[in-house]
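Colleague: Dropping the structure in here first, questions after.
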Amino acid sequence: DDRNESIPESDPSDITPTAGLKSDKVVPVHIGSTKCNDYYNGCCNATLWPLFLSMPDRAVFSRDHWKAYVEVNKEFADRTFETLKKVYNSNSGNRDDAPLVWIHDYHLTIAPNWIREAATDEGIGCKIGFFLHIPFPSWDIFRLLPWADEILQGMLACDMVGFHITDYCLNFVDCCQRCLGCRIDKKNLMVKHVGRTVRVRALPIGIPYERFVQLAEKAPKVLSTNQKIILGVDRLDYTKGLVHRFLSFESLLENFPEHREKVSFLQIAVPSRTDVKEYQDLKEEIDQLVGRINGKFSTPNWAPIRYIYGCVTQDELAAFYREAAVGLVTPLRDGMNLVAKEFVACQLNVPPGVLIVSSFAGASETMHEAIIC
């Protein structure tokens, strides 16, 4: 890739939250393709992703992948500190207003260490925050990671560490105590580490509620059927429980035949990590499963499963949410799952659709009006 290639400006018609970000405010981080593959498909998605999602049997531990993860985190930390230094120097007239560095997700857990170290060495005051968008596992799973201590130390270089729900906070605090011997305050969610106090907080991510209401109000009708629609919207990922979901729907039709030709299951599966064999195998398994179930129950006027493999626009998505009788959010494990919140926001019909949420999704901690399964 050309390191001198300019970053294009946002499309003027783009209405996403980041559309107003100008290209001169974006700092690219250049990573070679081999290293990027070892870092992203290797350490991030073959090691940390399954482990943090409490599926250790799927985790692959590779020293080379971890080496790439460390090098990429260092590169991000270096570019971040360069920018931090520029911001700090340009703000010399107001030293009380410390710059904020906000680091996101499991891809960059150890970068805060180098940012903190460099800022301290050069006397630059800053606040560092970290937010993890996926679950943080319990100690008995997290300790399986050979580099568990390094990840904890990296996250503890921040002033505040945020998670979706309190359970993840407690898991993190517990790991800090049991792996590193840190002094902790479970009641107030504080961790003492190398003379600093790190705050840990549950900060559940939300959605632009009014925007989804407006989309649902304006979106044209997309389903022309008198059948009740059960709707699932997910990335194609083994953590989402799609195979289990299809098998459950098959069991419903098998054991309660009165629902045949009255109910259809619409699953939207957004392609994800299509270059990874495990995900290619999952897609093939689902394709075969959908074909088998449809072949088993279909009639001339009805097919039990409608399966969309691809992306849909937000307008279309809002219409699907609005017209569905049931929203099915049943991951095997999920940090939050915003589909549950988007589905509720789009319920304009009377009576509204019913939301079914797995207890293993973070959303279940606060969405008590849903059916928790």
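Identifiers in the structure tokens: chain A, B, ... in order shown; residue index from 1 per chain; ligand index from 1 in order shown.
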Determine which residues of stretch 162-320 of chain A receive a DSSP assignment of strand (DSSP E), computed from the backbone, and state them as an NGL selection string.

Modeller: :A and (162-163 or 183-185 or 190-193 or 196-202 or 228-235 or 263-270 or 305-309)

Colleague: Could you give me, as a count of residues only, the residues within 9 Å of A:Asn73, counting only C-alpha atoms and dropping anything in the same chain fewer than 6 positions from it?

Modeller: 7

Colleague: What's around A:Leu156 at 10 Å? Count only C-alpha atoms, leave out sequence neighbours fewer than 5 positions away in its own chain, and write the answer as a short mmCIF file (atom, residue, chain, number, x, y, z; two decimals) with all heavy atoms, in the first residue's frame.

Modeller:
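The result, written out as selection-v6.cif:
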```
data_model
loop_
_atom_site.label_atom_id
_atom_site.label_comp_id
_atom_site.auth_asym_id
_atom_site.auth_seq_id
_atom_site.Cartn_x
_atom_site.Cartn_y
_atom_site.Cartn_z
N THR A 109 -5.54 -4.01 23.47
CA THR A 109 -5.55 -4.06 24.94
C THR A 109 -4.22 -3.64 25.57
O THR A 109 -4.20 -3.17 26.72
CB THR A 109 -5.89 -5.49 25.43
OG1 THR A 109 -4.92 -6.40 24.90
CG2 THR A 109 -7.28 -5.90 25.02
N ILE A 110 -3.10 -3.82 24.86
CA ILE A 110 -1.81 -3.51 25.49
C ILE A 110 -1.23 -2.18 25.02
O ILE A 110 -0.21 -1.72 25.55
CB ILE A 110 -0.77 -4.65 25.29
CG1 ILE A 110 -0.49 -4.88 23.81
CG2 ILE A 110 -1.27 -5.93 25.95
CD1 ILE A 110 0.59 -5.94 23.58
N PRO A 112 -2.31 0.85 25.64
CA PRO A 112 -2.28 1.88 26.69
C PRO A 112 -0.98 1.93 27.48
O PRO A 112 -0.57 3.00 27.92
CB PRO A 112 -3.46 1.52 27.59
CG PRO A 112 -4.39 0.75 26.72
CD PRO A 112 -3.52 -0.01 25.76
N ASN A 113 -0.32 0.78 27.64
CA ASN A 113 0.93 0.74 28.41
C ASN A 113 1.97 1.67 27.82
O ASN A 113 2.62 2.45 28.53
CB ASN A 113 1.48 -0.70 28.41
CG ASN A 113 1.51 -1.29 29.80
OD1 ASN A 113 1.46 -0.57 30.80
ND2 ASN A 113 1.58 -2.61 29.88
N ILE A 128 -6.53 8.46 29.98
CA ILE A 128 -6.69 7.34 29.03
C ILE A 128 -7.89 6.51 29.46
O ILE A 128 -7.99 6.09 30.62
CB ILE A 128 -5.42 6.47 28.99
CG1 ILE A 128 -4.18 7.31 28.68
CG2 ILE A 128 -5.58 5.36 27.95
CD1 ILE A 128 -2.87 6.53 28.70
N GLY A 129 -8.78 6.29 28.52
CA GLY A 129 -9.94 5.44 28.76
C GLY A 129 -9.90 4.24 27.83
O GLY A 129 -9.32 4.29 26.74
N PHE A 130 -10.52 3.17 28.27
CA PHE A 130 -10.59 1.95 27.44
C PHE A 130 -12.00 1.40 27.53
O PHE A 130 -12.59 1.34 28.62
CB PHE A 130 -9.59 0.90 27.94
CG PHE A 130 -9.53 -0.35 27.10
CD1 PHE A 130 -8.62 -0.45 26.05
CD2 PHE A 130 -10.39 -1.41 27.32
CE1 PHE A 130 -8.58 -1.59 25.25
CE2 PHE A 130 -10.36 -2.55 26.54
CZ PHE A 130 -9.44 -2.64 25.50
N GLU A 150 -0.08 -9.69 30.63
CA GLU A 150 0.24 -8.56 29.78
C GLU A 150 -1.00 -7.78 29.38
O GLU A 150 -1.00 -6.54 29.35
CB GLU A 150 0.98 -9.03 28.52
CG GLU A 150 2.41 -9.48 28.76
CD GLU A 150 2.52 -10.98 29.07
OE1 GLU A 150 1.57 -11.53 29.67
OE2 GLU A 150 3.54 -11.58 28.71
N ILE A 151 -2.09 -8.49 29.10
CA ILE A 151 -3.33 -7.82 28.71
C ILE A 151 -3.91 -7.04 29.89
O ILE A 151 -4.34 -5.88 29.74
CB ILE A 151 -4.33 -8.84 28.16
CG1 ILE A 151 -3.91 -9.23 26.73
CG2 ILE A 151 -5.76 -8.30 28.16
CD1 ILE A 151 -4.78 -10.24 26.06
N VAL A 161 -11.65 1.91 32.82
CA VAL A 161 -11.91 0.79 31.92
C VAL A 161 -13.40 0.52 31.93
O VAL A 161 -14.00 0.33 32.99
CB VAL A 161 -11.14 -0.47 32.36
CG1 VAL A 161 -11.44 -1.64 31.43
CG2 VAL A 161 -9.64 -0.20 32.40
N CYS A 176 -7.78 -9.23 37.89
CA CYS A 176 -6.70 -8.35 38.33
C CYS A 176 -6.15 -8.79 39.69
O CYS A 176 -4.95 -8.77 39.93
CB CYS A 176 -7.19 -6.90 38.40
SG CYS A 176 -7.50 -6.16 36.79
N VAL A 191 -9.44 -0.67 41.10
CA VAL A 191 -8.27 -1.55 41.11
C VAL A 191 -7.03 -0.70 41.37
O VAL A 191 -6.80 0.31 40.69
CB VAL A 191 -8.09 -2.30 39.77
CG1 VAL A 191 -6.85 -3.18 39.83
CG2 VAL A 191 -9.32 -3.14 39.46
N LYS A 192 -6.23 -1.10 42.36
CA LYS A 192 -4.96 -0.43 42.64
C LYS A 192 -3.85 -1.14 41.86
O LYS A 192 -3.69 -2.36 41.97
CB LYS A 192 -4.64 -0.50 44.14
CG LYS A 192 -5.37 0.53 44.99
CD LYS A 192 -4.62 1.85 44.99
CE LYS A 192 -5.18 2.80 46.05
NZ LYS A 192 -4.48 4.10 46.00
N HIS A 193 -3.08 -0.36 41.09
CA HIS A 193 -2.02 -0.97 40.28
C HIS A 193 -0.87 0.02 40.14
O HIS A 193 -1.07 1.16 39.71
CB HIS A 193 -2.57 -1.35 38.90
CG HIS A 193 -1.57 -2.00 38.00
ND1 HIS A 193 -0.96 -3.20 38.31
CD2 HIS A 193 -1.06 -1.62 36.80
CE1 HIS A 193 -0.13 -3.53 37.35
NE2 HIS A 193 -0.17 -2.59 36.41
N VAL A 194 0.32 -0.40 40.55
CA VAL A 194 1.56 0.38 40.52
C VAL A 194 1.33 1.83 40.97
O VAL A 194 1.75 2.78 40.30
CB VAL A 194 2.24 0.34 39.13
CG1 VAL A 194 2.73 -1.06 38.83
CG2 VAL A 194 1.32 0.83 38.01
N ARG A 196 -1.36 3.57 41.15
CA ARG A 196 -2.49 4.28 40.56
C ARG A 196 -3.79 3.57 40.87
O ARG A 196 -3.80 2.35 41.07
CB ARG A 196 -2.32 4.39 39.03
CG ARG A 196 -1.09 5.18 38.59
CD ARG A 196 -0.88 5.13 37.08
NE ARG A 196 -2.09 5.39 36.34
CZ ARG A 196 -2.86 4.49 35.73
NH1 ARG A 196 -2.50 3.20 35.77
NH2 ARG A 196 -3.94 4.82 35.08
N THR A 197 -4.89 4.31 40.89
CA THR A 197 -6.21 3.73 41.08
C THR A 197 -6.97 3.79 39.77
O THR A 197 -7.15 4.87 39.19
CB THR A 197 -7.01 4.47 42.17
OG1 THR A 197 -6.30 4.38 43.42
CG2 THR A 197 -8.39 3.85 42.34
N VAL A 198 -7.39 2.64 39.29
CA VAL A 198 -8.11 2.55 38.02
C VAL A 198 -9.58 2.30 38.30
O VAL A 198 -9.94 1.37 39.04
CB VAL A 198 -7.54 1.40 37.15
CG1 VAL A 198 -8.28 1.31 35.82
CG2 VAL A 198 -6.05 1.60 36.93
N ARG A 199 -10.42 3.13 37.73
CA ARG A 199 -11.87 2.94 37.89
C ARG A 199 -12.38 1.98 36.83
O ARG A 199 -11.97 2.04 35.66
CB ARG A 199 -12.60 4.28 37.77
CG ARG A 199 -12.36 5.21 38.95
CD ARG A 199 -13.26 6.43 38.87
NE ARG A 199 -12.90 7.27 37.74
CZ ARG A 199 -13.64 8.30 37.31
NH1 ARG A 199 -14.79 8.57 37.90
NH2 ARG A 199 -13.23 9.03 36.28
N VAL A 200 -13.29 1.11 37.22
CA VAL A 200 -13.91 0.15 36.32
C VAL A 200 -15.41 0.42 36.35
O VAL A 200 -16.00 0.51 37.43
CB VAL A 200 -13.62 -1.30 36.76
CG1 VAL A 200 -14.24 -2.30 35.80
CG2 VAL A 200 -12.10 -1.53 36.86
#
```

Colleague: List the neighbours of A:Asp237 out to 7 Å using only C-alpha atoms; skip same-chain residues closer than 2 positions along the sequence, and give me the result as a count of residues only.

Modeller: 5

Colleague: Near A:Leu266, within 9 Å and counting only C-alpha atoms, which residues show up once chain neighbours fewer than 5 positions away are dropped, as a ChimeraX atom specification?

Modeller: /A:229-233,304-308,324

Colleague: Name all residues at most 7 Å from A:Tyr309 (count only C-alpha atoms; drop same-chain ones fewer than 3 positions away) and give them as an NGL selection string.

Modeller: :A and (268-271)

Colleague: Which one is closest to A:Glu250: A:Glu217, A:Pro56, A:Ser298, A:Ala345? Count only C-alpha atoms.

Modeller: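 For A:Glu250, the nearest of the given residues is A:Ser298.
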
Colleague: Set the distance at 10 Å and use only C-alpha atoms: which residues neighbour A:Asn45 once local chain neighbours fewer than 4 positions away are removed? I'd like the list as a PyMOL selection string.

Modeller: chain A and resi 38-41+49-51+59-60+106-107+273+276

Colleague: Can you build me a table of stretch 232-350 of chain A residues sitting at most 12 Å from stretch 131-145 of chain A, with the closest atom pair per residue and its distance in Å to one decimal, using only C-alpha atoms, sorted by chain and residue number, as a Markdown table?

Modeller:
```
| residue | atom | partner | partner_atom | distance |
| --- | --- | --- | --- | --- |
| A:Thr239 | CA | A:Ile134 | CA | 11.3 |
| A:Leu332 | CA | A:Pro135 | CA | 11.9 |
| A:Arg333 | CA | A:Pro135 | CA | 8.1 |
| A:Asp334 | CA | A:Ile134 | CA | 6.7 |
| A:Gly335 | CA | A:Ile134 | CA | 4.1 |
| A:Met336 | CA | A:Ile134 | CA | 7.4 |
| A:Asn337 | CA | A:Ile134 | CA | 9.6 |
| A:Leu338 | CA | A:His133 | CA | 11.3 |
```

Colleague: Please return as a VMD selection string: the residues of stretch 270-310 of chain A that backbone DSSP assigns to helix (DSSP H, G or I).

Modeller: chain A and resid 277 to 297
